[in-house]
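Visitor: Got a structure for you, written out below as C-alpha cells; questions coming shortly.
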Amino acid sequence: MQIDEVWSTRTVGYSQAIIMTNSIFDQLQQDFQSQGMEAVLGSAEQTLRDEQRFHELFEVLKMQSRQRLGLPLLHDDSLTLNETTQRDLEDALLNACREVGFCLLRVGQIQESWGYLKHLADHQETLDEIKKVSITDENVEAIIGLLLYEGLDCDRGFELVLEKYGTCNAITTMQNAMYGRSREDRAATGTRLVYHVHRELLDSVKAHIEREEGTQPAGDKLVPLLVERDYLFQDGSYHID
C-alpha cells in the first residue's frame, strides 16, 4: 500500500479522513521512501500529539497496533484472525482508547473523552484522572455527566450537583439520574441528600434565632433549638423551601 492510500482512506469507526498539510505529507512521503511505514506512523503520531489532534491520533495508534501484529493497516472485514492475534489486537485498541481518552480529559474535552474511556473494563483509572481535573463553571456539567449519569461515581457526582445547583435541582436530578442504579448508589446519594437538607435547615433555623436573639446557638440538633422558640413558626415562617 502506498502512503497516499493510507491517508486518503476513511477508516472504520471514524467518519473523517486524516488530513495532513502539504508540508507534513511531503515529509511523511520521504520517511516512507527512506525508512518505511513504521517511520511514517511514528512521525504522524508525534505530529498529531503536538497539534493535540487526538481523534486522528487514535486512528494512527490503531494502525501502529495492526502493523506490529503483521495485519493490514486498515480494517478488513474479510480477514479472519486467530484467537491470540484477536486478543492482542483488542488489548492494543483498548490501550489506544485509554491513551486518547486521557489526553482528551487533560485538555478539557471531557465529553469527547468518554467515547474512548467507556470501553475500558476498569474505570478506576478514569476516576483517578478526573480527580486531577480542576472543576470550573465551564466543565462541571460534563464532569457531572461522567460521574453521575454514566455511573462512574454517583456519590461524588451528586455532591457536585448539590454544590453547584442547590437542593431543588438536586432532588429533580436524583429522580432522573438514579432510576435503575444499584441499591448502593441510591443509598449513597439519598444519604448525602438527607444530610445536606438537614444542614441547610439547621443553618437556616440558627440564622433565624441569631436575628431574634443576637447570638447564634450552639449544637447540631434541631429539636433542642425549637424548644420555647415559638417565634420560629409565627407569621408563616419557614426555613427551607
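Each chain in the C-alpha cells gets a letter, A, B, ..., in the order shown, and its residues are numbered from 1; ligands are numbered from 1 in order too.
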Tell me which protein, DNA and RNA residues are within 6 Å of Ala170 of chain A, counting only C-alpha atoms, leaving out same-chain ones fewer than 4 positions away, and put them as a list in words.
Guide: Val161, Leu162 and Met174 of chain A
Visitor: Apply DSSP to the structure's backbone, then extract all residues of segment 103-148 of chain A labelled alpha helix (DSSP H) and return them as a ChimeraX atom specification.
Guide: /A:103-106,110-117,124-131,140-144
Visitor: Using N, CA and C atoms, can you export the residues from the last selection as a short mmCIF file (atom, residue, chain, number, x, y, z; two decimals), in the first residue's frame?
Guide:
data_model
loop_
_atom_site.label_atom_id
_atom_site.label_comp_id
_atom_site.auth_asym_id
_atom_site.auth_seq_id
_atom_site.Cartn_x
_atom_site.Cartn_y
_atom_site.Cartn_z
N CYS A 103 -5.83 11.80 27.20
CA CYS A 103 -5.35 13.03 26.56
C CYS A 103 -6.48 14.05 26.43
N LEU A 104 -7.65 13.59 26.03
CA LEU A 104 -8.80 14.48 25.89
C LEU A 104 -9.23 15.04 27.24
N LEU A 105 -9.22 14.20 28.27
CA LEU A 105 -9.55 14.68 29.61
C LEU A 105 -8.61 15.80 30.04
N ARG A 106 -7.34 15.61 29.78
CA ARG A 106 -6.34 16.56 30.26
C ARG A 106 -6.41 17.91 29.56
N ILE A 110 -13.92 16.84 27.95
CA ILE A 110 -14.37 15.79 28.87
C ILE A 110 -15.42 14.90 28.24
N GLN A 111 -16.41 15.48 27.60
CA GLN A 111 -17.46 14.66 26.99
C GLN A 111 -16.89 13.78 25.88
N GLU A 112 -15.99 14.35 25.09
CA GLU A 112 -15.38 13.59 24.00
C GLU A 112 -14.56 12.42 24.53
N SER A 113 -13.95 12.60 25.70
CA SER A 113 -13.10 11.54 26.26
C SER A 113 -13.89 10.27 26.55
N TRP A 114 -15.16 10.43 26.92
CA TRP A 114 -15.95 9.26 27.29
C TRP A 114 -16.17 8.32 26.11
N GLY A 115 -16.16 8.85 24.91
CA GLY A 115 -16.32 8.00 23.74
C GLY A 115 -15.24 6.92 23.66
N TYR A 116 -14.09 7.18 24.26
CA TYR A 116 -12.99 6.22 24.30
C TYR A 116 -12.94 5.47 25.64
N LEU A 117 -13.09 6.21 26.73
CA LEU A 117 -12.91 5.62 28.06
C LEU A 117 -14.03 4.66 28.44
N GLN A 124 -11.46 2.72 37.41
CA GLN A 124 -10.76 3.40 38.49
C GLN A 124 -9.71 4.36 37.94
N GLU A 125 -9.04 3.95 36.85
CA GLU A 125 -8.06 4.84 36.23
C GLU A 125 -8.72 6.13 35.75
N THR A 126 -9.91 5.98 35.17
CA THR A 126 -10.63 7.16 34.71
C THR A 126 -10.99 8.07 35.87
N LEU A 127 -11.46 7.50 36.97
CA LEU A 127 -11.78 8.30 38.15
C LEU A 127 -10.55 9.02 38.68
N ASP A 128 -9.42 8.32 38.69
CA ASP A 128 -8.18 8.95 39.16
C ASP A 128 -7.81 10.14 38.30
N GLU A 129 -8.02 10.02 36.99
CA GLU A 129 -7.71 11.13 36.08
C GLU A 129 -8.69 12.29 36.27
N ILE A 130 -9.97 11.97 36.48
CA ILE A 130 -10.97 13.01 36.68
C ILE A 130 -10.66 13.82 37.94
N LYS A 131 -10.15 13.15 38.98
CA LYS A 131 -9.81 13.84 40.22
C LYS A 131 -8.73 14.90 40.00
N VAL A 140 -18.10 21.75 34.74
CA VAL A 140 -18.75 20.99 35.81
C VAL A 140 -19.88 20.11 35.28
N GLU A 141 -20.64 20.57 34.30
CA GLU A 141 -21.74 19.75 33.77
C GLU A 141 -21.20 18.49 33.11
N ALA A 142 -20.10 18.63 32.39
CA ALA A 142 -19.51 17.46 31.73
C ALA A 142 -18.98 16.47 32.76
N ILE A 143 -18.37 16.97 33.83
CA ILE A 143 -17.86 16.08 34.87
C ILE A 143 -19.01 15.38 35.59
N ILE A 144 -20.07 16.12 35.89
CA ILE A 144 -21.25 15.51 36.50
C ILE A 144 -21.82 14.43 35.58
#
Visitor: With distances taken over only C-alpha atoms, which residue among A:Leu93, A:Ile135, A:Asp155, A:Arg66 lies nearest Leu81 of chain A?
Guide: A:Arg66
Visitor: Using only C-alpha atoms, which residue out of A:Gly108, A:Asn95, A:Arg229, A:Leu152 lies closest to Ser134 of chain A?
Guide: A:Gly108
Visitor: Using only C-alpha atoms, which protein or nucleic acid residues come within 12 Å of Thr191 of chain A? Drop anything in the same chain fewer than 6 positions from it, and give the result as a PDB file with N, CA and C atoms, in the first residue's frame.
Guide:
ATOM      1  N   CYS A 154     -21.419   7.934  41.473  1.00  0.00           N
ATOM      2  CA  CYS A 154     -22.695   8.641  41.656  1.00  0.00           C
ATOM      3  C   CYS A 154     -22.670   9.550  42.876  1.00  0.00           C
ATOM      4  N   ASP A 155     -22.032   9.099  43.927  1.00  0.00           N
ATOM      5  CA  ASP A 155     -21.999   9.897  45.151  1.00  0.00           C
ATOM      6  C   ASP A 155     -21.278  11.225  44.922  1.00  0.00           C
ATOM      7  N   PHE A 158     -23.323  13.469  42.542  1.00  0.00           N
ATOM      8  CA  PHE A 158     -24.463  14.101  43.196  1.00  0.00           C
ATOM      9  C   PHE A 158     -24.002  15.202  44.149  1.00  0.00           C
ATOM     10  N   GLU A 159     -22.856  15.000  44.777  1.00  0.00           N
ATOM     11  CA  GLU A 159     -22.290  16.042  45.640  1.00  0.00           C
ATOM     12  C   GLU A 159     -22.034  17.319  44.842  1.00  0.00           C
ATOM     13  N   MET A 174     -31.791  13.773  41.072  1.00  0.00           N
ATOM     14  CA  MET A 174     -31.759  12.446  41.693  1.00  0.00           C
ATOM     15  C   MET A 174     -32.874  11.559  41.148  1.00  0.00           C
ATOM     16  N   ARG A 183     -28.602  -0.418  44.352  1.00  0.00           N
ATOM     17  CA  ARG A 183     -29.075  -0.024  45.685  1.00  0.00           C
ATOM     18  C   ARG A 183     -27.985   0.756  46.415  1.00  0.00           C
ATOM     19  N   GLU A 184     -26.757   0.367  46.229  1.00  0.00           N
ATOM     20  CA  GLU A 184     -25.640   1.041  46.883  1.00  0.00           C
ATOM     21  C   GLU A 184     -25.548   2.498  46.437  1.00  0.00           C
ATOM     22  N   ASP A 185     -25.661   2.723  45.115  1.00  0.00           N
ATOM     23  CA  ASP A 185     -25.578   4.090  44.595  1.00  0.00           C
ATOM     24  C   ASP A 185     -26.763   4.932  45.068  1.00  0.00           C
ATOM     25  N   VAL A 197     -29.886  18.400  53.299  1.00  0.00           N
ATOM     26  CA  VAL A 197     -31.118  19.094  53.674  1.00  0.00           C
ATOM     27  C   VAL A 197     -31.109  19.409  55.174  1.00  0.00           C
ATOM     28  N   HIS A 198     -30.642  18.455  55.988  1.00  0.00           N
ATOM     29  CA  HIS A 198     -30.566  18.694  57.428  1.00  0.00           C
ATOM     30  C   HIS A 198     -29.648  19.871  57.729  1.00  0.00           C
TER      31      HIS A 198
END
Visitor: How many Å lie between atom CA of Arg87 of chain A and atom CA of Gly151 of chain A, rounded to one decimal?
Guide: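 According to the coordinates, atom CA of Arg87 of chain A and atom CA of Gly151 of chain A are separated by 27.3 Å.
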Visitor: Between A:Ala188, A:Leu193, A:Leu146, A:Thr136, which is the closest to Lys164 of chain A once you count only C-alpha atoms?
Guide: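 Checking each candidate against Lys164 of chain A, we get A:Thr136 as the closest.
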Visitor: Nearest to Glu200 of chain A: which of A:Glu228, A:Glu59, A:Glu212, A:Asp241 is it, counting only C-alpha atoms?
Guide: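 Nearest candidate to Glu200 of chain A out of A:Glu228, A:Glu59, A:Glu212, A:Asp241: A:Asp241.
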Visitor: Got a sec: who's within 12 Å of Thr85 of chain A, counting only C-alpha atoms, leaving out chain neighbours fewer than 2 positions off, as number ranges by chain?
Guide: A: 65-71, 79-83, 87-92
Visitor: At what distance in Å, to one decimal, does atom CA of Cys97 of chain A lie from atom CA of Tyr149 of chain A?
Guide: 20.4 Å
Visitor: Do you know which residues are at most 12 Å from His208 of chain A counting only C-alpha atoms, after dropping those on the same chain fewer than 5 positions away, and could you put them as a PyMOL selection string?
Guide: chain A and resi 201-203+213-217+225-226+229-234+237-240
Visitor: Compile the contact shell of Gly42 of chain A as a CSV table (one decimal) with C-alpha atoms, in the first residue's frame: residues with an atom at most 9 Å away, counting only C-alpha atoms, same-chain residues fewer than 5 positions apart removed.
Guide:
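Written output follows (selection_8.csv):
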chain,number,residue,atom,x,y,z
A,37,MET,CA,5.8,2.6,7.1
A,47,THR,CA,2.7,15.4,14.8
A,60,VAL,CA,-2.7,6.3,13.9
A,64,GLN,CA,0.5,1.1,14.6
Visitor: Work out how far atom CA of Gly145 of chain A is from atom CA of Asn176 of chain A, in Å to one decimal.
Guide: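 One can read the atom CA of Asn176 of chain A to atom CA of Gly145 of chain A distance as 12.4 Å.
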Visitor: In terms of the shortest atom-to-atom distance over only C-alpha atoms, which of A:Ser182, A:Lys118, A:Thr167, A:Gln175 is closest to Val194 of chain A?
Guide: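 That would be A:Thr167, the residue with the smallest distance to Val194 of chain A.
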